[in-house]
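See below for work.txt, which holds compact mmCIF, C-alpha atoms (C1' of nucleotides).
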# COMPACT_ATOMS: atom_id res chain seq x y z
CA MET F 991 4.57 25.81 29.29
CA ASN F 992 5.36 23.40 26.54
CA LYS F 993 1.96 22.37 25.37
CA ALA F 994 3.11 19.45 23.27
CA LYS F 995 5.09 17.90 26.08
CA ASP F 996 2.26 18.40 28.51
CA ILE F 997 -0.11 16.54 26.26
CA PHE F 998 2.43 13.82 25.81
CA GLU F 999 3.02 13.51 29.56
CA ARG F 1000 -0.64 13.35 30.32
CA TYR F 1001 -1.20 10.66 27.74
CA ILE F 1002 1.74 8.59 28.98
CA LYS F 1003 0.47 8.74 32.50
CA GLU F 1004 -3.13 8.12 31.62
CA LYS F 1005 -2.33 5.01 29.63
CA GLY F 1006 0.25 3.67 32.03
CA LEU F 1007 3.01 3.90 29.50
CA ARG F 1008 6.67 4.48 30.27
CA HIS F 1009 9.37 6.96 29.59
CA THR F 1010 12.37 5.78 27.72
CA ARG F 1011 15.44 7.49 26.42
CA GLN F 1012 14.44 6.55 22.88
CA ARG F 1013 10.91 7.81 23.22
CA GLN F 1014 12.18 11.10 24.56
CA ALA F 1015 14.60 11.48 21.69
CA ILE F 1016 11.91 10.72 19.16
CA LEU F 1017 9.55 13.27 20.66
CA ASP F 1018 12.18 15.98 20.85
CA THR F 1019 13.42 15.36 17.37
CA PHE F 1020 9.91 15.28 15.99
CA LEU F 1021 9.00 18.57 17.61
CA ALA F 1022 12.17 20.22 16.38
CA ALA F 1023 11.90 18.88 12.88
CA ASP F 1024 10.10 19.79 9.72
CA LYS F 1025 6.39 20.20 9.90
CA HIS F 1026 5.68 17.15 7.75
CA ILE F 1027 7.93 14.21 8.20
CA THR F 1028 7.97 10.55 7.25
CA VAL F 1029 8.96 7.69 9.53
CA GLU F 1030 12.08 7.17 7.50
CA GLU F 1031 13.11 10.81 7.70
CA LEU F 1032 12.59 10.96 11.41
CA PHE F 1033 14.38 7.66 11.85
CA ASN F 1034 17.41 9.13 10.14
CA LEU F 1035 17.31 12.25 12.27
CA VAL F 1036 16.92 10.41 15.53
CA ARG F 1037 19.78 8.14 14.62
CA ARG F 1038 22.15 11.04 15.02
CA THR F 1039 21.59 11.18 18.75
CA GLU F 1040 20.46 7.58 19.22
CA PRO F 1041 22.58 5.55 16.84
CA ASP F 1042 21.06 2.23 17.87
CA ILE F 1043 17.45 3.27 17.52
CA GLY F 1044 15.32 0.82 15.56
CA TYR F 1045 13.05 1.76 12.72
CA ALA F 1046 10.11 0.05 14.36
CA THR F 1047 10.57 2.12 17.46
CA VAL F 1048 10.30 5.33 15.53
CA ASP F 1049 7.29 4.01 13.68
CA ARG F 1050 5.56 2.97 16.87
CA ASN F 1051 6.25 6.24 18.59
CA LEU F 1052 4.98 8.30 15.72
CA LYS F 1053 1.76 6.34 15.92
CA LEU F 1054 1.73 7.11 19.61
CA MET F 1055 2.00 10.80 18.84
CA SER F 1056 -0.94 10.54 16.54
CA ALA F 1057 -2.89 8.71 19.18
CA CYS F 1058 -2.28 11.36 21.79
CA GLY F 1059 -3.12 14.21 19.46
CA LEU F 1060 0.31 15.65 18.80
CA ALA F 1061 0.39 14.62 15.19
CA ASP F 1062 -1.84 13.98 12.24
CA GLU F 1063 -1.17 11.36 9.66
CA ILE F 1064 -1.37 12.72 6.18
CA LYS F 1065 -1.41 10.38 3.29
CA ILE F 1066 -1.32 11.92 -0.12
CA GLY F 1067 -1.55 9.90 -3.28
CA LYS F 1068 1.12 7.25 -3.36
CA GLN F 1069 3.43 9.19 -1.10
CA LYS F 1070 4.53 7.74 2.18
CA THR F 1071 2.51 8.68 5.20
CA ARG F 1072 3.70 11.92 6.69
CA TYR F 1073 3.27 12.99 10.27
CA GLU F 1074 2.30 16.57 10.72
CA GLN F 1075 2.64 18.48 13.94
CA LYS F 1076 -0.67 19.67 15.24
CA ILE F 1077 0.43 21.74 18.18
CA GLY F 1078 1.14 25.37 17.56
CA GLN F 1079 -0.76 25.51 14.35
CA GLU F 1080 -4.34 25.58 13.30
CA HIS F 1081 -5.98 22.82 11.39
CA HIS F 1082 -5.70 23.37 7.69
CA ASP F 1083 -6.49 21.75 4.38
CA HIS F 1084 -4.27 21.03 1.42
CA LEU F 1085 -4.07 22.05 -2.19
CA ILE F 1086 -2.09 19.32 -3.88
CA CYS F 1087 -0.39 19.76 -7.21
CA LEU F 1088 -0.85 16.79 -9.49
CA LYS F 1089 2.32 17.60 -11.37
CA CYS F 1090 4.95 18.51 -8.80
CA GLU F 1091 3.24 16.72 -5.89
CA ARG F 1092 3.88 19.60 -3.55
CA PHE F 1093 1.12 20.89 -1.38
CA ILE F 1094 -0.07 24.24 -0.10
CA GLU F 1095 -1.75 24.65 3.25
CA VAL F 1096 -4.98 26.59 3.29
CA ARG F 1097 -7.81 27.32 5.61
CA ASP F 1098 -11.27 28.71 5.12
CA GLU F 1099 -13.34 29.36 8.17
CA ARG F 1100 -16.59 29.17 6.25
CA ILE F 1101 -15.80 25.74 4.91
CA GLU F 1102 -14.93 24.56 8.40
CA LYS F 1103 -18.29 25.71 9.68
CA LEU F 1104 -20.24 24.27 6.80
CA GLN F 1105 -18.57 20.93 7.32
CA ASP F 1106 -19.77 20.78 10.87
CA LYS F 1107 -23.27 21.65 9.79
CA LEU F 1108 -23.17 19.04 7.08
CA ALA F 1109 -22.18 16.39 9.60
CA GLU F 1110 -24.82 17.50 12.03
CA ALA F 1111 -27.49 17.38 9.38
CA ASN F 1112 -26.64 13.72 8.89
CA ASP F 1113 -26.70 12.75 12.55
CA PHE F 1114 -22.98 12.43 12.44
CA LEU F 1115 -20.57 13.44 15.17
CA PRO F 1116 -17.52 14.86 13.41
CA GLN F 1117 -14.09 14.40 14.95
CA LYS F 1118 -11.73 15.41 12.23
CA HIS F 1119 -11.72 15.93 8.56
CA LYS F 1120 -9.55 15.96 5.54
CA LEU F 1121 -10.03 18.23 2.59
CA GLU F 1122 -7.69 17.86 -0.31
CA ILE F 1123 -8.02 19.79 -3.53
CA TYR F 1124 -6.05 18.34 -6.39
CA GLY F 1125 -5.04 20.35 -9.40
CA LEU F 1126 -2.21 22.39 -10.80
CA CYS F 1127 -0.24 24.91 -8.83
CA LYS F 1128 0.86 28.27 -10.10
CA LYS F 1129 4.17 27.01 -11.38
CA CYS F 1130 2.90 23.86 -13.01
CA ARG F 1131 -0.09 24.94 -14.95
CA MET W 1124 -27.20 6.69 -25.43
CA ASN W 1125 -25.07 5.00 -22.85
CA LYS W 1126 -22.91 7.79 -21.58
CA ALA W 1127 -20.42 5.59 -19.82
CA LYS W 1128 -19.80 3.45 -22.85
CA ASP W 1129 -19.50 6.48 -25.06
CA ILE W 1130 -16.81 7.92 -22.86
CA PHE W 1131 -15.07 4.60 -22.81
CA GLU W 1132 -15.22 4.25 -26.58
CA ARG W 1133 -13.91 7.72 -27.15
CA TYR W 1134 -11.02 7.14 -24.80
CA ILE W 1135 -10.13 3.81 -26.38
CA LYS W 1136 -10.08 5.33 -29.80
CA GLU W 1137 -8.23 8.47 -28.77
CA LYS W 1138 -5.45 6.51 -27.13
CA GLY W 1139 -5.22 3.84 -29.77
CA LEU W 1140 -6.19 1.10 -27.38
CA ARG W 1141 -7.98 -2.07 -28.30
CA HIS W 1142 -11.19 -3.87 -27.56
CA THR W 1143 -10.93 -7.23 -25.97
CA ARG W 1144 -13.47 -9.68 -24.70
CA GLN W 1145 -12.03 -9.33 -21.21
CA ARG W 1146 -12.09 -5.56 -21.24
CA GLN W 1147 -15.67 -5.57 -22.35
CA ALA W 1148 -16.66 -7.96 -19.61
CA ILE W 1149 -14.88 -5.88 -17.00
CA LEU W 1150 -16.58 -2.70 -18.13
CA ASP W 1151 -20.02 -4.28 -18.25
CA THR W 1152 -19.62 -5.93 -14.89
CA PHE W 1153 -18.29 -2.77 -13.33
CA LEU W 1154 -21.19 -0.70 -14.60
CA ALA W 1155 -23.72 -3.23 -13.39
CA ALA W 1156 -22.13 -3.72 -10.01
CA ASP W 1157 -22.18 -1.98 -6.71
CA LYS W 1158 -21.34 1.65 -6.63
CA HIS W 1159 -18.09 1.15 -4.74
CA ILE W 1160 -16.10 -1.92 -5.58
CA THR W 1161 -12.62 -3.23 -4.95
CA VAL W 1162 -10.41 -4.91 -7.52
CA GLU W 1163 -10.84 -8.18 -5.75
CA GLU W 1164 -14.61 -7.95 -5.67
CA LEU W 1165 -14.81 -7.08 -9.32
CA PHE W 1166 -12.34 -9.82 -10.15
CA ASN W 1167 -14.63 -12.35 -8.51
CA LEU W 1168 -17.65 -11.04 -10.34
CA VAL W 1169 -16.01 -11.00 -13.72
CA ARG W 1170 -14.76 -14.52 -13.20
CA ARG W 1171 -18.32 -15.75 -13.48
CA THR W 1172 -18.48 -14.87 -17.13
CA GLU W 1173 -14.75 -14.95 -17.85
CA PRO W 1174 -13.39 -17.81 -15.79
CA ASP W 1175 -9.83 -17.38 -17.01
CA ILE W 1176 -9.57 -13.67 -16.36
CA GLY W 1177 -6.46 -12.62 -14.50
CA TYR W 1178 -6.40 -10.42 -11.45
CA ALA W 1179 -3.92 -8.07 -13.07
CA THR W 1180 -6.21 -7.58 -16.02
CA VAL W 1181 -9.03 -6.45 -13.79
CA ASP W 1182 -6.66 -4.20 -11.89
CA ARG W 1183 -5.33 -2.62 -15.06
CA ASN W 1184 -8.74 -2.06 -16.51
CA LEU W 1185 -10.07 -0.43 -13.39
CA LYS W 1186 -7.17 1.96 -13.61
CA LEU W 1187 -8.12 2.56 -17.19
CA MET W 1188 -11.63 3.44 -16.12
CA SER W 1189 -10.24 5.93 -13.70
CA ALA W 1190 -8.06 7.40 -16.37
CA CYS W 1191 -10.93 7.90 -18.75
CA GLY W 1192 -13.17 9.43 -16.14
CA LEU W 1193 -15.63 6.62 -15.55
CA ALA W 1194 -14.44 5.90 -12.05
CA ASP W 1195 -12.91 7.54 -9.04
CA GLU W 1196 -10.48 5.83 -6.75
CA ILE W 1197 -11.47 6.18 -3.16
CA LYS W 1198 -9.04 5.20 -0.49
CA ILE W 1199 -10.32 5.34 3.04
CA GLY W 1200 -8.13 4.62 6.02
CA LYS W 1201 -6.52 1.25 5.69
CA GLN W 1202 -9.24 -0.12 3.48
CA LYS W 1203 -8.47 -1.32 0.01
CA THR W 1204 -8.88 1.15 -2.77
CA ARG W 1205 -12.43 1.21 -4.03
CA TYR W 1206 -13.55 2.26 -7.47
CA GLU W 1207 -16.61 4.39 -7.54
CA GLN W 1208 -18.75 4.97 -10.60
CA LYS W 1209 -18.83 8.59 -11.61
CA ILE W 1210 -21.34 8.48 -14.39
CA GLY W 1211 -24.96 8.99 -13.50
CA GLN W 1212 -24.23 10.51 -10.17
CA GLU W 1213 -23.03 13.81 -8.90
CA HIS W 1214 -19.78 14.31 -7.16
CA HIS W 1215 -20.14 13.90 -3.43
CA ASP W 1216 -18.13 13.83 -0.26
CA HIS W 1217 -18.01 11.24 2.49
CA LEU W 1218 -18.80 11.08 6.16
CA ILE W 1219 -16.78 8.15 7.46
CA CYS W 1220 -17.55 6.40 10.71
CA LEU W 1221 -14.45 5.67 12.75
CA LYS W 1222 -16.13 2.77 14.46
CA CYS W 1223 -18.03 0.83 11.85
CA GLU W 1224 -15.98 2.12 8.90
CA ARG W 1225 -19.07 2.65 6.80
CA PHE W 1226 -19.51 5.87 4.92
CA ILE W 1227 -22.33 8.20 4.03
CA GLU W 1228 -22.37 10.22 0.84
CA VAL W 1229 -23.12 13.89 1.18
CA ARG W 1230 -23.01 17.00 -0.88
CA ASP W 1231 -23.12 20.67 -0.04
CA GLU W 1232 -23.23 23.11 -2.87
CA ARG W 1233 -21.83 25.93 -0.78
CA ILE W 1234 -18.79 23.92 0.19
CA GLU W 1235 -18.21 23.04 -3.43
CA LYS W 1236 -18.25 26.69 -4.41
CA LEU W 1237 -16.05 27.79 -1.53
CA GLN W 1238 -13.50 25.18 -2.46
CA ASP W 1239 -13.19 26.58 -5.93
CA LYS W 1240 -12.77 30.04 -4.55
CA LEU W 1241 -10.18 28.85 -2.12
CA ALA W 1242 -8.18 27.28 -4.90
CA GLU W 1243 -8.50 30.34 -7.07
CA ALA W 1244 -7.33 32.59 -4.27
CA ASN W 1245 -4.14 30.55 -4.19
CA ASP W 1246 -3.45 30.60 -7.90
CA PHE W 1247 -4.36 26.99 -8.05
CA LEU W 1248 -6.30 25.28 -10.81
CA PRO W 1249 -8.53 22.73 -9.15
CA GLN W 1250 -9.33 19.49 -10.93
CA LYS W 1251 -10.89 17.35 -8.29
CA HIS W 1252 -11.15 17.20 -4.58
CA LYS W 1253 -11.71 14.91 -1.71
CA LEU W 1254 -13.51 15.85 1.44
CA GLU W 1255 -13.76 13.27 4.15
CA ILE W 1256 -15.27 13.93 7.53
CA TYR W 1257 -14.38 11.34 10.13
CA GLY W 1258 -16.44 10.78 13.23
CA LEU W 1259 -19.20 8.64 14.61
CA CYS W 1260 -22.36 7.80 12.76
CA LYS W 1261 -25.80 7.75 14.28
CA LYS W 1262 -25.63 4.09 15.22
CA CYS W 1263 -22.15 4.13 16.64
CA ARG W 1264 -22.03 7.13 18.84
C1' DT Y 1162 -7.31 -13.24 -46.48
C1' DA Y 1163 -2.98 -13.38 -44.60
C1' DC Y 1164 0.24 -10.60 -42.28
C1' DC Y 1165 2.32 -7.68 -38.99
C1' DT Y 1166 2.87 -4.61 -35.23
C1' DA Y 1167 1.95 -3.50 -30.91
C1' DA Y 1168 -1.60 -3.77 -27.32
C1' DA Y 1169 -3.44 -6.92 -23.99
C1' DT Y 1170 -3.49 -10.77 -21.22
C1' DG Y 1171 -2.35 -13.91 -17.40
C1' DA Y 1172 0.99 -15.82 -14.47
C1' DT Y 1173 4.31 -14.67 -11.57
C1' DA Y 1174 7.70 -12.07 -9.19
C1' DA Y 1175 9.11 -7.60 -7.28
C1' DT Y 1176 8.30 -3.72 -4.39
C1' DA Y 1177 7.40 -1.39 -0.51
C1' DA Y 1178 4.91 0.20 3.38
C1' DT Y 1179 3.15 -1.23 7.44
C1' DA Y 1180 2.21 -4.55 11.03
C1' DA Y 1181 3.29 -8.57 13.80
C1' DT Y 1182 6.46 -11.48 16.38
C1' DC Y 1183 9.59 -12.41 19.91
C1' DA Y 1184 13.63 -12.61 22.70
C1' DT Y 1185 15.85 -9.24 25.41
C1' DT Y 1186 16.19 -5.00 28.04
C1' DA Y 1187 14.68 -1.49 31.00
C1' DT Y 1188 11.17 1.24 33.61
C1' DA Y 1189 8.67 2.42 37.62
C1' DG Y 1190 5.99 1.21 41.44
C1' DG Y 1191 5.99 -1.48 45.68
C1' DC X 1420 16.04 -4.51 45.49
C1' DC X 1421 12.18 -7.07 43.07
C1' DT X 1422 8.83 -7.76 39.98
C1' DA X 1423 5.49 -7.16 36.41
C1' DT X 1424 5.16 -5.64 32.13
C1' DA X 1425 6.07 -1.95 28.75
C1' DA X 1426 9.44 -0.98 25.30
C1' DT X 1427 12.98 -1.94 22.24
C1' DG X 1428 15.35 -3.71 18.10
C1' DA X 1429 15.87 -7.21 14.81
C1' DT X 1430 13.48 -9.77 11.92
C1' DT X 1431 9.73 -11.76 9.52
C1' DA X 1432 4.97 -11.58 7.81
C1' DT X 1433 1.44 -9.39 5.48
C1' DT X 1434 -0.74 -7.18 1.92
C1' DA X 1435 -1.78 -4.10 -1.74
C1' DT X 1436 -0.01 -2.56 -5.72
C1' DT X 1437 3.18 -2.56 -9.58
C1' DA X 1438 6.42 -4.56 -12.80
C1' DT X 1439 7.97 -8.20 -15.82
C1' DC X 1440 7.63 -11.12 -19.57
C1' DA X 1441 6.31 -14.79 -22.57
C1' DT X 1442 2.27 -15.56 -25.17
C1' DT X 1443 -1.93 -14.30 -27.35
C1' DT X 1444 -4.79 -11.37 -29.92
C1' DA X 1445 -6.79 -7.08 -32.07
C1' DG X 1446 -7.16 -4.55 -35.90
C1' DG X 1447 -5.15 -1.92 -39.57
C1' DT X 1448 -2.87 -2.90 -44.04
C1' DA X 1449 -1.02 -5.10 -48.27
Take the structure from the file and write it as structure tokens.
Amino acid sequence: MNKAKDIFERYIKEKGLRHTRQRQAILDTFLAADKHITVEELFNLVRRTEPDIGYATVDRNLKLMSACGLADEIKIGKQKTRYEQKIGQEHHDHLICLKCERFIEVRDERIEKLQDKLAEANDFLPQKHKLEIYGLCKKCR
Amino acid sequence: MNKAKDIFERYIKEKGLRHTRQRQAILDTFLAADKHITVEELFNLVRRTEPDIGYATVDRNLKLMSACGLADEIKIGKQKTRYEQKIGQEHHDHLICLKCERFIEVRDERIEKLQDKLAEANDFLPQKHKLEIYGLCKKCR
DNA sequence: TACCTAAATGATAATAATAATCATTATAGG
DNA sequence: CCTATAATGATTATTATTATCATTTAGGTA
């Protein structure tokens, strides 16, 4: 009952892709790692168990994880793209501090609902959304 | 009573910046142009009246307009950053079509309010926000 | 008006993230 | 075992944005 791996397996099969040692290592490391990770960070982690892994391979496989629904790309300001695990946690939005660049995860059910209604009212079929509130966090203001 | 120019003037003075022929042309062209414009597009427009204008100058001045509150940077997917005029129009959010990449502007007062509350509840001082709903537009679904 | 300081410009190079290329290797089905 | 082709890893290309820097120019001041 590992939901993430099931999704991954199904996607691999469905698309006619293949299993490789590297791909497995990347998936495992990603799932065990921090919730938000960059390609570079994951590359460095995977290198511990797969010393010959290439950067491009990590990059490609993270994109694969996005494609199959295991990860979300989050791009904040000028920061590098981060890959966030989607499995095992609800969708959430971000409060982003303009000073320290850190972000807080938040969720408001009412906003979620209103967003769907807003899309519907515009003949739009929503698939995902991104809400980012920029400002100053407690420490920085 | 040109609000945009007033804001611009005030900012220029406050920061000890200078007026230049090029800067003036960029501002005028920006204000007269499409609501969402890229650096490159504006560069090409300004070149009509200022044939020797440099790309970097347009880039820098668009950043200046963002800094003084005349424009918002909007970055959608892999598209180039676009600069959107803020004056003379309310803040709005975007419904972005994943297929045709076009976007629709929308606004929901209730969402706006809830966002402020959400920030407040997290000891966060909101300054601006970005809500993007991705999906399929009427034509593309 | 001439002068002076620093802002602005324009050309160019640097940076950096991401994507593309391609020869080689390896997977998985027959 | 064979074969088709997906995947890898090294490298290069691409592309937007930023930095650099010599030169020009704005605008306050003597």
Matching every Cα in sequence order between the two identical chains, what are the coordinates of chain W once fitted onto chain F? Write them as a compact mmCIF listing (two decimals) with C-alpha atoms, in the frame of the given file.
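Wrote it out as result_8.txt, contents follow:
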# COMPACT_ATOMS: atom_id res chain seq x y z
CA MET W 1124 4.71 25.68 29.40
CA ASN W 1125 5.44 23.36 26.56
CA LYS W 1126 2.02 22.36 25.39
CA ALA W 1127 3.15 19.45 23.29
CA LYS W 1128 5.14 17.89 26.08
CA ASP W 1129 2.32 18.41 28.52
CA ILE W 1130 -0.07 16.55 26.28
CA PHE W 1131 2.47 13.83 25.83
CA GLU W 1132 3.08 13.52 29.56
CA ARG W 1133 -0.59 13.37 30.34
CA TYR W 1134 -1.15 10.67 27.77
CA ILE W 1135 1.78 8.60 28.99
CA LYS W 1136 0.53 8.75 32.52
CA GLU W 1137 -3.10 8.13 31.65
CA LYS W 1138 -2.28 5.02 29.67
CA GLY W 1139 0.31 3.69 32.05
CA LEU W 1140 3.07 3.92 29.50
CA ARG W 1141 6.70 4.48 30.26
CA HIS W 1142 9.43 6.97 29.58
CA THR W 1143 12.41 5.77 27.69
CA ARG W 1144 15.48 7.47 26.39
CA GLN W 1145 14.47 6.54 22.85
CA ARG W 1146 10.94 7.83 23.21
CA GLN W 1147 12.21 11.09 24.54
CA ALA W 1148 14.63 11.49 21.68
CA ILE W 1149 11.92 10.73 19.15
CA LEU W 1150 9.57 13.27 20.65
CA ASP W 1151 12.21 15.98 20.86
CA THR W 1152 13.43 15.36 17.35
CA PHE W 1153 9.92 15.29 15.99
CA LEU W 1154 9.02 18.58 17.61
CA ALA W 1155 12.17 20.24 16.36
CA ALA W 1156 11.90 18.88 12.85
CA ASP W 1157 10.08 19.80 9.72
CA LYS W 1158 6.38 20.20 9.90
CA HIS W 1159 5.66 17.15 7.77
CA ILE W 1160 7.93 14.20 8.21
CA THR W 1161 7.96 10.55 7.25
CA VAL W 1162 8.96 7.69 9.52
CA GLU W 1163 12.07 7.18 7.50
CA GLU W 1164 13.11 10.81 7.69
CA LEU W 1165 12.58 10.96 11.40
CA PHE W 1166 14.38 7.66 11.83
CA ASN W 1167 17.42 9.13 10.14
CA LEU W 1168 17.31 12.24 12.26
CA VAL W 1169 16.92 10.41 15.52
CA ARG W 1170 19.79 8.12 14.62
CA ARG W 1171 22.15 11.04 15.03
CA THR W 1172 21.59 11.15 18.74
CA GLU W 1173 20.46 7.55 19.21
CA PRO W 1174 22.58 5.52 16.83
CA ASP W 1175 21.06 2.21 17.85
CA ILE W 1176 17.44 3.24 17.50
CA GLY W 1177 15.30 0.82 15.54
CA TYR W 1178 13.03 1.76 12.69
CA ALA W 1179 10.09 0.06 14.34
CA THR W 1180 10.57 2.11 17.46
CA VAL W 1181 10.32 5.33 15.53
CA ASP W 1182 7.30 4.01 13.68
CA ARG W 1183 5.55 2.99 16.88
CA ASN W 1184 6.25 6.25 18.59
CA LEU W 1185 4.98 8.32 15.71
CA LYS W 1186 1.77 6.36 15.95
CA LEU W 1187 1.74 7.13 19.62
CA MET W 1188 2.02 10.81 18.86
CA SER W 1189 -0.93 10.54 16.58
CA ALA W 1190 -2.88 8.73 19.21
CA CYS W 1191 -2.25 11.38 21.81
CA GLY W 1192 -3.10 14.22 19.49
CA LEU W 1193 0.33 15.67 18.82
CA ALA W 1194 0.40 14.63 15.21
CA ASP W 1195 -1.83 13.99 12.25
CA GLU W 1196 -1.17 11.35 9.67
CA ILE W 1197 -1.38 12.72 6.20
CA LYS W 1198 -1.43 10.35 3.30
CA ILE W 1199 -1.34 11.92 -0.11
CA GLY W 1200 -1.57 9.89 -3.28
CA LYS W 1201 1.08 7.24 -3.34
CA GLN W 1202 3.41 9.15 -1.09
CA LYS W 1203 4.49 7.72 2.21
CA THR W 1204 2.47 8.67 5.21
CA ARG W 1205 3.67 11.91 6.70
CA TYR W 1206 3.26 13.00 10.28
CA GLU W 1207 2.28 16.57 10.73
CA GLN W 1208 2.63 18.50 13.96
CA LYS W 1209 -0.69 19.68 15.28
CA ILE W 1210 0.42 21.75 18.20
CA GLY W 1211 1.09 25.40 17.59
CA GLN W 1212 -0.78 25.51 14.37
CA GLU W 1213 -4.36 25.58 13.31
CA HIS W 1214 -6.01 22.85 11.41
CA HIS W 1215 -5.73 23.38 7.69
CA ASP W 1216 -6.52 21.75 4.40
CA HIS W 1217 -4.29 21.04 1.44
CA LEU W 1218 -4.09 22.06 -2.17
CA ILE W 1219 -2.09 19.31 -3.85
CA CYS W 1220 -0.38 19.75 -7.18
CA LEU W 1221 -0.85 16.78 -9.47
CA LYS W 1222 2.34 17.56 -11.31
CA CYS W 1223 4.96 18.48 -8.76
CA GLU W 1224 3.23 16.71 -5.85
CA ARG W 1225 3.89 19.60 -3.51
CA PHE W 1226 1.12 20.90 -1.34
CA ILE W 1227 -0.08 24.24 -0.07
CA GLU W 1228 -1.78 24.66 3.27
CA VAL W 1229 -5.00 26.60 3.30
CA ARG W 1230 -7.84 27.33 5.61
CA ASP W 1231 -11.30 28.71 5.09
CA GLU W 1232 -13.39 29.36 8.12
CA ARG W 1233 -16.64 29.16 6.19
CA ILE W 1234 -15.82 25.73 4.86
CA GLU W 1235 -14.97 24.57 8.35
CA LYS W 1236 -18.33 25.72 9.64
CA LEU W 1237 -20.27 24.27 6.72
CA GLN W 1238 -18.62 20.93 7.26
CA ASP W 1239 -19.83 20.79 10.81
CA LYS W 1240 -23.31 21.65 9.71
CA LEU W 1241 -23.20 19.04 7.02
CA ALA W 1242 -22.22 16.40 9.52
CA GLU W 1243 -24.87 17.51 11.96
CA ALA W 1244 -27.54 17.40 9.29
CA ASN W 1245 -26.69 13.73 8.83
CA ASP W 1246 -26.75 12.77 12.48
CA PHE W 1247 -23.04 12.43 12.38
CA LEU W 1248 -20.62 13.44 15.10
CA PRO W 1249 -17.58 14.85 13.38
CA GLN W 1250 -14.15 14.38 14.92
CA LYS W 1251 -11.78 15.38 12.22
CA HIS W 1252 -11.77 15.91 8.53
CA LYS W 1253 -9.60 15.94 5.52
CA LEU W 1254 -10.07 18.23 2.58
CA GLU W 1255 -7.72 17.86 -0.31
CA ILE W 1256 -8.03 19.80 -3.52
CA TYR W 1257 -6.05 18.34 -6.38
CA GLY W 1258 -5.02 20.37 -9.38
CA LEU W 1259 -2.16 22.39 -10.76
CA CYS W 1260 -0.21 24.92 -8.78
CA LYS W 1261 0.90 28.27 -10.08
CA LYS W 1262 4.23 27.00 -11.34
CA CYS W 1263 2.94 23.87 -12.97
CA ARG W 1264 -0.05 24.93 -14.91
Legend entry - Check: which chain X residues lie within 10 Å of chain W using only C-alpha atoms (C1' of nucleotides), as a ChimeraX atom specification: /X:1434-1437,1444-1446
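You will find CA of Leu1104 (chain F) at 6.8 Å from CA of Ile1234 (chain W).
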Inset, instruction - Please return, as number ranges by chain, all residues of chain Y lying within 8 Å of chain W when all atoms listed in the file are considered. - result: Y: 1168-1171
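Within 6 Å of chain W, and using all atoms listed in the file, the residues found on chain F are Ile1101, Asp1113, Phe1114, Leu1115, Pro1116, Gln1117, Lys1118, His1119, Lys1120, Leu1121, Glu1122, Ile1123, Tyr1124, Gly1125, Leu1126, Cys1127 and Lys1128 of chain F.
Near DA1449 (chain X), within 12 Å and counting only C-alpha atoms (C1' of nucleotides), sit DT1162, DA1163, DC1164 and DC1165 of chain Y; DG1447 of chain X; same-chain residues fewer than 2 positions away were not included.
Using only C-alpha atoms, the nearest neighbour of Val1029 (chain F) within the list F:Ala994, F:Ala1057, F:Ile1002, F:Ile1064 is F:Ile1064.
Taking C1' of DA1174 (chain Y) and CA of Lys1186 (chain W) as endpoints, the distance between them is 20.9 Å.
Checking F:Leu1017, F:Val1048, F:Ile1027, F:Leu1032 one by one against DA1426 (chain X), counting all atoms listed in the file, you find the shortest gap at F:Val1048.
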Could you extract region 1077-1086 of chain F of the given structure into a file holding N, CA and C atoms, as a PDB file, in the first residue's frame?
ATOM      1  N   ILE F1077       1.784  13.417  -2.854  1.00  0.00           N
ATOM      2  CA  ILE F1077       1.140  12.298  -2.184  1.00  0.00           C
ATOM      3  C   ILE F1077       1.299  12.398  -0.670  1.00  0.00           C
ATOM      4  N   GLY F1078       0.222  12.101   0.013  1.00  0.00           N
ATOM      5  CA  GLY F1078       0.297  12.138   1.467  1.00  0.00           C
ATOM      6  C   GLY F1078       0.117  13.515   2.042  1.00  0.00           C
ATOM      7  N   GLN F1079      -0.245  14.444   1.195  1.00  0.00           N
ATOM      8  CA  GLN F1079      -0.557  15.762   1.738  1.00  0.00           C
ATOM      9  C   GLN F1079      -1.548  16.464   0.835  1.00  0.00           C
ATOM     10  N   GLU F1080      -2.375  17.241   1.467  1.00  0.00           N
ATOM     11  CA  GLU F1080      -3.386  17.974   0.727  1.00  0.00           C
ATOM     12  C   GLU F1080      -2.763  19.099  -0.082  1.00  0.00           C
ATOM     13  N   HIS F1081      -3.486  19.490  -1.086  1.00  0.00           N
ATOM     14  CA  HIS F1081      -3.071  20.685  -1.818  1.00  0.00           C
ATOM     15  C   HIS F1081      -3.066  21.872  -0.861  1.00  0.00           C
ATOM     16  N   HIS F1082      -2.130  22.765  -1.078  1.00  0.00           N
ATOM     17  CA  HIS F1082      -2.113  23.949  -0.225  1.00  0.00           C
ATOM     18  C   HIS F1082      -1.551  25.132  -1.006  1.00  0.00           C
ATOM     19  N   ASP F1083      -1.734  26.305  -0.448  1.00  0.00           N
ATOM     20  CA  ASP F1083      -1.212  27.507  -1.071  1.00  0.00           C
ATOM     21  C   ASP F1083      -0.033  28.014  -0.264  1.00  0.00           C
ATOM     22  N   HIS F1084       0.561  29.099  -0.738  1.00  0.00           N
ATOM     23  CA  HIS F1084       1.777  29.576  -0.080  1.00  0.00           C
ATOM     24  C   HIS F1084       1.725  31.057   0.278  1.00  0.00           C
ATOM     25  N   LEU F1085       2.177  31.334   1.491  1.00  0.00           N
ATOM     26  CA  LEU F1085       2.442  32.717   1.874  1.00  0.00           C
ATOM     27  C   LEU F1085       3.951  32.891   1.764  1.00  0.00           C
ATOM     28  N   ILE F1086       4.359  33.832   0.941  1.00  0.00           N
ATOM     29  CA  ILE F1086       5.788  33.952   0.652  1.00  0.00           C
ATOM     30  C   ILE F1086       6.341  35.273   1.165  1.00  0.00           C
TER      31      ILE F1086
END
